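Novice: The structure is given below, and queries will be raised subsequently.
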Amino acid sequence: MSQLTYREAVRHALAEELTRDPNVVVMGEEVGQFQGAYKVTQGLLEKFGPKRVADTPISEAGFIGMGIGASMLGVRPVMELMFWSFYSVAFDQILNNAANVRYMSGGQINCPIVIRGPANGGTNVGATHSHTPENILAAHPGVKVVVPSTPYDAKGLLKSAIRDNDPVFFLENTVLYGEKGEVPDEEYLIPLGKADVKREGKDLTIVTYGRPVIQSLVAAELLAKEHDISVEVVDLRTIRPLDIDTVLASVRKTHRVLVVEEQKPFCGVGAQLTYMIQAEAFDDLDAPIGRLCTIDAPAIYSPPVEAEQLPNPQRILKAALALLD
Amino acid sequence: MSKKPSATIEQKPTASNTSHGQAPINAALTQAQKIELFSQMVRIRRFEERSHRAYTGKNAAGGANIGGFLHLYNGQEAIAVGCCSLMGKHDHVITAYRDHGHAIAVGMDTKALMAELYGKVTGCSKGKGGSMHFFSPERNYWGGHGIVGGQIPLGVGLAYGVKYKGHKGSAMAFMGDGAVNQGAVHEAYNLAALWNLPCIFVIENNGYSMGTSQARSSAGDLAKRAEGYGMAWGVCEGHDVYEVRATMDKFLKIAREECKPAVVEIRTYRYRGHSVADPDNTYRTKTEIEDYRRTKDPIQVFQTALIAEGVLTTESAEKIDEAARAEAEAAADFADASPYPTPEDIQKDVYWESDNPDQRTSQGRLFFN
Ligand SMILES: Cc1ncc(C[n+]2csc(CCOP(=O)(O)OP(=O)(O)O)c2C)c(N)n1
Ligand SMILES: [Mg+2]
């Protein structure tokens, strides 16, 4: 085991897959010479050369579309969006081409592309740079969506994503890039679509993913210490495919659920989850399902106020207590 | 940008090329107007330096004064000042995230700008937009946009609006040398040319998009791409405010009189990193920066010209600089003393209707918390 940052874990996954498979290429804005806007790809250009690690112009529709086209021919591009927020510039390529081409060709074509980059608020970069599009992406059959919360998960899931034969959208988090965690020295993979119980408990299940996992764990600790409440934290890790079975098993154990997501509420991931939980475990519920989201407005810039717009341990704690009343 | 190495190391700032100073649009300037142009450039420089200091420093509570990104305009001042000085009642401006210079050049209050950087409710966008999102519609300044190239179609829309309303005016849509490779920019070019819209696309070519030089990001010449759309185009030097004005005046007149778009590439340089977070150590040398500063600093160049013209003296230039520093300091004090928005403010300014409930016509729930 080594202590790696989330950033390093992603980098190691990229390096290992670049080494393993000559068809893997890494492309994006500033990924090479500049070493990555967030230094995720640091050293990769030097190690693998400009044929495998390429700087693109600021042309998201063009280079993402190019990656999708290349993937149809068996290249395995791992495309970096400097921010997932810029996906909207490439929206047509992502959703009309990557998501649909297999279906429209009657299964003749597949797109083994990975698009990765950070998707989060919390760094005061304002409304245009703080989108969390996992719900919008996952609404399209044909794509897979991964949102890892720890270095261990990020590495194992990214390696699986690169080997996956469908388009996988991998959403990282700039706030987590510097967070450290244990990562095995030997190679490992984590299958897409497998949730992880990050903390066991018996009074309440928090279902979450991404950075709110970390915040929920902090809240769970406070709830245990200060309120003697035992919280189970289920990290979805992958939004589509969705491991609803792990969620339901936890609900059947605790009988109360709080969904926490760094998303606006309307048609968010939590909307799908809460529907499924009530549909499949109605009799197991002792209370209406709770939900804590980002406050429903574009991302505010003002630093102290943005912290209140997003989920945070205090907001999670309050929402949990309200459910247990 | 074309990197013409300076002739000698000791070369002093070149005085403005007199032919530009004598262009009619510049010859018509009064002494007071010239001093105003100079002082705007100095005020921008000092504002940027003060905001940089605020960004890297801490507030009384030990926290950051400014969050997120801060893209500074140092080195490019003559462009915003030169272009905006030509604005009439129906001329509009829109730009990207490097937007402080344009905001000051259109006359926005630096207190409200600094307060916006600090995320305070007294900011020009009430603390909601931050550095990348300054707006002042009443001064025909439409932002301040964070998505590279995203503002350019809006610029065409402003030009469309000017024409639709029958005004004699224009829109200046500013972008960087990296933005020219966005698809939206090309769609906007075609629309403007096809529909004869009075839009001037201004490329502020500072040589780099983040850490990528022009040569590594763009095929061919930047402004010349206009030819593919049958548009006029021009290139000029951005360190000489006279040259900027003379060049832009020509294209603006055509836009206003004949409703014709154009692409103008203005060569310039940024002194600071892409944003304050850019370590600025992977793509250019310190010498390159120093060479530009020494030979082409827009403020120095204009100061030299105005002293030669007898409009300024070293002492009066010094006074202007002192006043600009004091103004920036006062702006920072104002920002520091101002309150933050409250969590209740988060859901204000989302819908026109929710801000004007007495005039609401739609029904149903607007917010979902
Ligand atoms: C669509 C999009 N892609 C990428 C970015 C990240 N980004 C912000 S500024 C920038 C460089 C732009 O360079 P240029 O157009 O030359 O303008 P300059 O910063 O030099 O003023 C990049 C890549 C963004 N904000 N939006
Ligand atoms: Mg540039």
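If you're wondering about the labels, chains in the structure tokens are A, B, ... by order shown, residues count from 1 in each chain, ligands from 1 in order shown.
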Counting only C-alpha atoms and all ligand atoms, give me one row per residue of chain A with an atom at most 10 Å from an atom of ligand 1, showing the shortest contact pair and its distance in Å to one decimal, sorted by chain then residue number, as a tab-separated table.
Specialist:
residue	atom	partner	partner_atom_place_in_ligand_line	distance
A:Gly28	CA	ligand 1	4 (C)	9.7
A:Glu29	CA	ligand 1	23 (C)	6.4
A:Glu30	CA	ligand 1	23 (C)	7.6
A:Ala37	CA	ligand 1	6 (C)	8.7
A:Thr56	CA	ligand 1	23 (C)	9.7
A:Pro57	CA	ligand 1	23 (C)	8.1
A:Ile58	CA	ligand 1	3 (N)	5.6
A:Ser59	CA	ligand 1	3 (N)	7.2
A:Glu60	CA	ligand 1	1 (C)	6.6
A:Ala61	CA	ligand 1	1 (C)	9.2
A:Leu81	CA	ligand 1	4 (C)	7.9
A:Met82	CA	ligand 1	4 (C)	6.3
A:Phe83	CA	ligand 1	4 (C)	7.4
A:Trp84	CA	ligand 1	3 (N)	9.5
A:Ser85	CA	ligand 1	1 (C)	8.1
A:Phe86	CA	ligand 1	1 (C)	4.9
A:Tyr87	CA	ligand 1	1 (C)	8.0
A:Ser88	CA	ligand 1	1 (C)	8.3
A:Val89	CA	ligand 1	1 (C)	6.2
A:Ala90	CA	ligand 1	1 (C)	8.9
A:Thr128	CA	ligand 1	25 (N)	8.4
A:His129	CA	ligand 1	25 (N)	7.5
Novice: Tell me the residues of chain B close to chain A, meaning within 6 Å using only C-alpha atoms, as number ranges by chain.
Specialist: B: 67-68, 119, 127-130, 181-182, 211, 217, 282, 343, 347
Novice: Tell me, counting only C-alpha atoms and all ligand atoms, for each residue of chain B within 6 Å of ligand 2, which pair of atoms is nearest and how far apart they are in Å to one decimal, in rows ordered by chain and increasing number, as a Markdown table.
Specialist:
| residue | atom | partner | partner_atom_place_in_ligand_line | distance |
| --- | --- | --- | --- | --- |
| B:Gly176 | CA | ligand 2 | 1 (Mg) | 4.5 |
| B:Asp177 | CA | ligand 2 | 1 (Mg) | 4.5 |
| B:Gly178 | CA | ligand 2 | 1 (Mg) | 5.5 |
| B:Asn205 | CA | ligand 2 | 1 (Mg) | 5.4 |
| B:Asn206 | CA | ligand 2 | 1 (Mg) | 4.6 |
| B:Gly207 | CA | ligand 2 | 1 (Mg) | 5.4 |
| B:Tyr208 | CA | ligand 2 | 1 (Mg) | 4.2 |
| B:Ser209 | CA | ligand 2 | 1 (Mg) | 4.1 |
Novice: Please dump the current selection as a PDB file, in the first residue's frame; keep N, CA and C atoms.
Specialist:
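So out.pdb came out as:
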ATOM      1  N   GLY B 176      -9.551  35.954 -27.182  1.00  0.00           N
ATOM      2  CA  GLY B 176      -8.118  35.716 -27.195  1.00  0.00           C
ATOM      3  C   GLY B 176      -7.691  34.937 -28.428  1.00  0.00           C
ATOM      4  N   ASP B 177      -6.383  34.753 -28.547  1.00  0.00           N
ATOM      5  CA  ASP B 177      -5.853  34.013 -29.698  1.00  0.00           C
ATOM      6  C   ASP B 177      -6.187  32.527 -29.616  1.00  0.00           C
ATOM      7  N   GLY B 178      -6.509  32.038 -28.408  1.00  0.00           N
ATOM      8  CA  GLY B 178      -6.905  30.632 -28.304  1.00  0.00           C
ATOM      9  C   GLY B 178      -8.365  30.426 -28.677  1.00  0.00           C
ATOM     10  N   ASN B 205      -4.435  39.207 -29.390  1.00  0.00           N
ATOM     11  CA  ASN B 205      -3.446  38.136 -29.538  1.00  0.00           C
ATOM     12  C   ASN B 205      -2.249  38.385 -28.628  1.00  0.00           C
ATOM     13  N   ASN B 206      -2.285  37.759 -27.453  1.00  0.00           N
ATOM     14  CA  ASN B 206      -1.165  37.913 -26.520  1.00  0.00           C
ATOM     15  C   ASN B 206      -0.178  36.758 -26.645  1.00  0.00           C
ATOM     16  N   GLY B 207      -0.330  35.975 -27.686  1.00  0.00           N
ATOM     17  CA  GLY B 207       0.669  34.954 -27.987  1.00  0.00           C
ATOM     18  C   GLY B 207       0.423  33.600 -27.357  1.00  0.00           C
ATOM     19  N   TYR B 208      -0.403  33.559 -26.330  1.00  0.00           N
ATOM     20  CA  TYR B 208      -0.604  32.299 -25.606  1.00  0.00           C
ATOM     21  C   TYR B 208      -2.059  32.111 -25.212  1.00  0.00           C
ATOM     22  N   SER B 209      -2.492  30.872 -25.277  1.00  0.00           N
ATOM     23  CA  SER B 209      -3.738  30.492 -24.611  1.00  0.00           C
ATOM     24  C   SER B 209      -3.295  29.585 -23.474  1.00  0.00           C
TER      25      SER B 209
END
Novice: As JSON, numbers by chain, please: all residues of region 204-274 of chain B that backbone DSSP puts in strand (DSSP E or B).
Specialist: {"B": [204, 205, 208, 209, 212, 213, 232, 233, 234, 235, 236, 237, 262, 263, 264, 265, 266, 267]}
Novice: Grab the CA of Asn26 (chain B) to CA of Ala78 (chain B) distance for me, in Å with one decimal place.
Specialist: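 Interatomic distance, CA of Asn26 (chain B) to CA of Ala78 (chain B): 13.8 Å.
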Novice: Can you list, as a PyMOL selection string, every protein, DNA or RNA residue that comes within 12 Å of Lys163 (chain B) when you count only C-alpha atoms, leaving out same-chain residues fewer than 3 positions away?
Specialist: chain B and resi 90-91+156-160+166-171+192+195-199+255-261
Novice: Write the selection just made, keeping C-alpha atoms, as a CSV table (one decimal), in the first residue's frame?
Specialist:
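The resulting file, again-v7.csv, is reproduced below:
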chain,number,residue,atom,x,y,z
B,90,HIS,CA,-24.9,52.6,-29.8
B,91,ASP,CA,-21.6,50.8,-29.7
B,156,VAL,CA,-23.1,39.0,-33.1
B,157,GLY,CA,-26.5,39.1,-31.4
B,158,LEU,CA,-25.7,42.6,-30.0
B,159,ALA,CA,-24.8,43.7,-33.6
B,160,TYR,CA,-28.0,42.1,-34.8
B,166,GLY,CA,-32.2,50.7,-36.7
B,167,HIS,CA,-29.4,52.2,-34.7
B,168,LYS,CA,-26.1,53.4,-36.2
B,169,GLY,CA,-23.8,51.4,-34.0
B,170,SER,CA,-21.7,48.4,-33.6
B,171,ALA,CA,-20.7,45.5,-31.3
B,192,ALA,CA,-22.2,38.2,-39.2
B,195,TRP,CA,-26.4,38.9,-42.6
B,196,ASN,CA,-24.2,42.0,-42.8
B,197,LEU,CA,-24.1,42.7,-39.1
B,198,PRO,CA,-22.0,45.5,-37.6
B,199,CYS,CA,-19.8,43.3,-35.5
B,255,ALA,CA,-19.6,48.8,-39.3
B,256,ARG,CA,-21.7,51.8,-38.4
B,257,GLU,CA,-22.1,53.3,-41.9
B,258,GLU,CA,-22.3,50.1,-44.0
B,259,CYS,CA,-23.3,47.4,-41.5
B,260,LYS,CA,-20.2,45.3,-42.3
B,261,PRO,CA,-18.4,43.0,-39.9
Novice: Can you list, as a list in words, every protein, DNA or RNA residue that comes within 10 Å of Lys224 (chain B) when you count only C-alpha atoms, leaving out same-chain residues fewer than 2 positions away?
Specialist: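 Near Lys224 (chain B), the qualifying residues are Gly220, Asp221, Leu222, Ala226, Glu227, Gly228, Tyr229, Met231, Ala232, Trp233, Gly234, Val235, Val263, Val264 and Glu265 of chain B.
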Novice: Would you pick out the contacts of Tyr188 (chain A) at 10 Å or less, using only C-alpha atoms, so that residues sharing its chain but fewer than 4 positions from it are not included, and give the list as JSON, numbers by chain?
Specialist: {"A": [13, 152, 155, 156, 157, 159, 160, 183, 184]}
Novice: Considering only C-alpha atoms, return as a list in words whatever protein or nucleic-acid residues lie within 6 Å of region 223-238 of chain A, sequence-local ones (same chain, fewer than 2 positions apart) excluded.
Specialist: Val145, Val146, Val147, Pro148, Gly193, Ala195, Asp196, Val197, Lys198, Arg199, Glu200, Gly201, Lys202, Asp203, Leu204, Thr205, Ile206, Val207, Thr208, Tyr209, Ala220, Glu221 and Arg240 of chain A
Novice: Let's see if you can do this: from backbone DSSP, list all helix (DSSP H, G or I) residues in region 103-214 of chain A, as a PyMOL selection string.
Specialist: chain A and resi 103-104+127-129+134-138+151-163+211-214
Novice: How many Å lie between CA of Leu252 (chain B) and CA of Met172 (chain B), rounded to one decimal?
Specialist: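 Distance reported for this atom pair: 8.7 Å.
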Novice: Could you jot down the CA of Met175 (chain B) to CA of Ile94 (chain A) separation for me, Å, one decimal place?
Specialist: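 Pair CA of Met175 (chain B) / CA of Ile94 (chain A) returns 25.7 Å.
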Novice: Counting only C-alpha atoms, which residue out of B:Gly146, B:Tyr118, B:Arg45, B:Ala60 sits closest to Thr95 (chain B)?
Specialist: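 Checking each candidate against Thr95 (chain B), we get B:Gly146 as the closest.
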Novice: Write out as an NGL selection string each polymer residue whose atoms come within 10 Å of Ala98 (chain A), counting only C-alpha atoms; drop sequence neighbours fewer than 2 positions from it.
Specialist: :A and (64-65 or 67-69 or 71-72 or 91-96 or 100-102 or 110-113 or 142-143 or 166-168)
Novice: For N, CA, C and O atoms, I'd like the residues from the last selection saved as a CSV table (one decimal), in the first residue's frame.
Specialist:
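Result file follows (part23.csv):
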chain,number,residue,atom,x,y,z
A,64,ILE,N,-13.2,16.4,-28.9
A,64,ILE,CA,-14.0,15.3,-28.3
A,64,ILE,C,-14.6,14.5,-29.4
A,64,ILE,O,-14.6,13.2,-29.4
A,65,GLY,N,-15.1,15.2,-30.4
A,65,GLY,CA,-15.7,14.4,-31.6
A,65,GLY,C,-14.6,13.6,-32.3
A,65,GLY,O,-14.9,12.4,-32.7
A,67,GLY,N,-12.1,12.3,-30.9
A,67,GLY,CA,-11.8,11.1,-30.0
A,67,GLY,C,-12.9,10.1,-30.2
A,67,GLY,O,-12.6,8.9,-30.3
A,68,ILE,N,-14.1,10.5,-30.3
A,68,ILE,CA,-15.2,9.5,-30.5
A,68,ILE,C,-15.0,8.8,-31.9
A,68,ILE,O,-15.1,7.6,-32.0
A,69,GLY,N,-14.7,9.6,-32.9
A,69,GLY,CA,-14.5,9.0,-34.2
A,69,GLY,C,-13.3,8.0,-34.2
A,69,GLY,O,-13.4,6.9,-34.7
A,71,SER,N,-12.2,6.3,-31.7
A,71,SER,CA,-12.6,5.2,-30.9
A,71,SER,C,-13.4,4.2,-31.7
A,71,SER,O,-13.3,3.0,-31.5
A,72,MET,N,-14.1,4.7,-32.7
A,72,MET,CA,-14.9,3.8,-33.6
A,72,MET,C,-14.0,2.9,-34.4
A,72,MET,O,-14.3,1.8,-34.8
A,91,PHE,N,-21.5,19.0,-26.5
A,91,PHE,CA,-22.7,18.2,-26.2
A,91,PHE,C,-23.2,17.3,-27.3
A,91,PHE,O,-23.5,16.2,-27.2
A,92,ASP,N,-23.2,17.9,-28.5
A,92,ASP,CA,-23.7,17.1,-29.7
A,92,ASP,C,-22.9,15.9,-29.9
A,92,ASP,O,-23.4,14.8,-30.1
A,93,GLN,N,-21.5,16.1,-29.8
A,93,GLN,CA,-20.6,14.9,-30.1
A,93,GLN,C,-20.9,13.9,-29.0
A,93,GLN,O,-20.9,12.7,-29.3
A,94,ILE,N,-21.0,14.3,-27.8
A,94,ILE,CA,-21.1,13.4,-26.6
A,94,ILE,C,-22.4,12.6,-26.7
A,94,ILE,O,-22.4,11.4,-26.6
A,95,LEU,N,-23.5,13.3,-26.9
A,95,LEU,CA,-24.8,12.7,-26.7
A,95,LEU,C,-25.3,12.1,-28.1
A,95,LEU,O,-25.9,11.0,-28.1
A,96,ASN,N,-25.2,12.8,-29.1
A,96,ASN,CA,-25.7,12.3,-30.4
A,96,ASN,C,-24.8,11.3,-31.0
A,96,ASN,O,-25.2,10.3,-31.6
A,100,ASN,N,-25.2,7.4,-29.2
A,100,ASN,CA,-26.2,6.8,-30.1
A,100,ASN,C,-25.7,5.9,-31.2
A,100,ASN,O,-26.4,5.2,-31.8
A,101,VAL,N,-24.4,6.1,-31.5
A,101,VAL,CA,-23.9,5.5,-32.8
A,101,VAL,C,-24.0,3.9,-32.7
A,101,VAL,O,-24.3,3.3,-33.7
A,102,ARG,N,-23.8,3.4,-31.6
A,102,ARG,CA,-24.0,1.9,-31.5
A,102,ARG,C,-25.4,1.5,-31.9
A,102,ARG,O,-25.6,0.6,-32.7
A,110,ASN,N,-18.9,0.4,-31.8
A,110,ASN,CA,-18.8,0.8,-30.4
A,110,ASN,C,-17.8,1.8,-30.2
A,110,ASN,O,-16.9,2.0,-31.0
A,111,CYS,N,-17.9,2.6,-29.1
A,111,CYS,CA,-17.0,3.7,-28.8
A,111,CYS,C,-16.3,3.5,-27.5
A,111,CYS,O,-16.8,4.0,-26.5
A,112,PRO,N,-15.2,2.9,-27.5
A,112,PRO,CA,-14.4,2.8,-26.3
A,112,PRO,C,-13.6,4.0,-25.9
A,112,PRO,O,-12.4,4.0,-25.7
A,113,ILE,N,-14.4,5.1,-25.6
A,113,ILE,CA,-13.7,6.3,-25.3
A,113,ILE,C,-14.0,6.6,-23.8
A,113,ILE,O,-15.0,6.3,-23.3
A,142,GLY,N,-26.7,4.1,-23.3
A,142,GLY,CA,-25.5,4.0,-24.2
A,142,GLY,C,-24.2,4.5,-23.5
A,142,GLY,O,-23.1,4.2,-24.0
A,143,VAL,N,-24.4,5.3,-22.5
A,143,VAL,CA,-23.2,5.8,-21.8
A,143,VAL,C,-23.0,5.3,-20.4
A,143,VAL,O,-24.0,4.9,-19.8
A,166,ASP,N,-17.6,0.6,-23.9
A,166,ASP,CA,-18.6,1.7,-24.2
A,166,ASP,C,-18.0,3.0,-23.8
A,166,ASP,O,-17.0,3.1,-23.1
A,167,PRO,N,-18.7,4.1,-24.2
A,167,PRO,CA,-18.2,5.4,-23.7
A,167,PRO,C,-18.4,5.6,-22.2
A,167,PRO,O,-19.5,5.3,-21.7
A,168,VAL,N,-17.3,6.0,-21.5
A,168,VAL,CA,-17.4,6.1,-20.1
A,168,VAL,C,-17.0,7.6,-19.8
A,168,VAL,O,-16.0,8.1,-20.2
Novice: Between A:Asn135, A:Asn312, A:Gln42, A:Thr246, single out the one closest to Val218 (chain A), counting only C-alpha atoms.
Specialist: A:Asn312
